[in-house]
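Structure first, then comments.
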Amino acid sequence: MSHHVTHRAGEMESGFPIGRFGDLLDELVTPDDEHPDVSVTHESEWSLSVYRSGFVVLENLEAGKPQHLGPVDRSTALELMMVVAQGKVDALKTRPWRPGYPPSTDG
């Protein structure tokens with residue numbers, strides 16, 4: 001199973017090392033209204049977007065129905081990113097997800 005990431009400026013990178021997900025989150029340090037998030041997408045089309053505000057959005061890109069959580073701290077965001085990259089999305093079902101997108105992704 002494989003995954004790819006989307007960097008803040010929109011570049012996609014396949015097989016981005018899980019151990020470097022912290023570098024991906026570091027891209028969010030500076031505010032940028034045009035590029036507010038980074039994401040990890042598993043080949044199953046499950047995707048997790050992380051925003052500077054700490055909100056995360058989980059959705060299946062084929063099935064829709066986004067759900068959000070947060071704001072979460074950096075370690076939780078890293079944990080969620082790793083779970084999605086590994087395709088273990090069922091492990092996330094116990095989290096208190098709320099339907100739709102978060103009220104604000106500003107940071």
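Identifiers for the structure tokens are assigned positionally: chains receive A, B, ... in sequence, residues are indexed from 1 per chain, and ligands are indexed from 1 in the order shown.
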inquiry  = List as a PyMOL selection string the protein and nucleic acid residues near segment 88-99 of chain A, meaning an atom at most 6 Å away when only C-alpha atoms are counted, but skip any in the same chain fewer than 5 places from it.
reply    = chain A and resi 67-69+83
task = Write out as a ChimeraX atom specification all residues of chain A that DSSP puts in helix (DSSP H, G or I) for this structure's backbone.
result = /A:18-26,74-85,89-92
note = Restricting to only C-alpha atoms, whichever of A:Pro36, A:Ala85, A:Phe55, A:His7 is closest to Asp73 of chain A is A:Phe55
inquiry  = Restricting the calculation to only C-alpha atoms: of A:Asp32, A:Gly10, A:Arg20, A:Leu58, which residue gets closest to Pro102 of chain A?
reply    =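 Residue with the minimum atom-to-atom distance to Pro102 of chain A: A:Leu58.
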List the neighbours of His4 of chain A out to 6 Å using only C-alpha atoms; skip same-chain residues closer than 2 positions along the sequence, and give me the result as a PDB file with C-alpha atoms, in the first residue's frame.
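Contents of around_37.pdb, freshly written:
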ATOM      1  CA  GLU A  13       5.109  13.623  -3.578  1.00  0.00           C
ATOM      2  CA  SER A  14       4.605   9.850  -3.620  1.00  0.00           C
ATOM      3  CA  GLY A  15       6.095   7.661  -0.920  1.00  0.00           C
ATOM      4  CA  VAL A  40      -1.585  12.809   3.340  1.00  0.00           C
ATOM      5  CA  THR A  41      -3.580  10.572   0.995  1.00  0.00           C
TER       6      THR A  41
END
ask   = Could you state the separation of atom CA of Lys65 of chain A and atom CA of Val29 of chain A in Å, given to one decimal place?
value = 28.0 Å
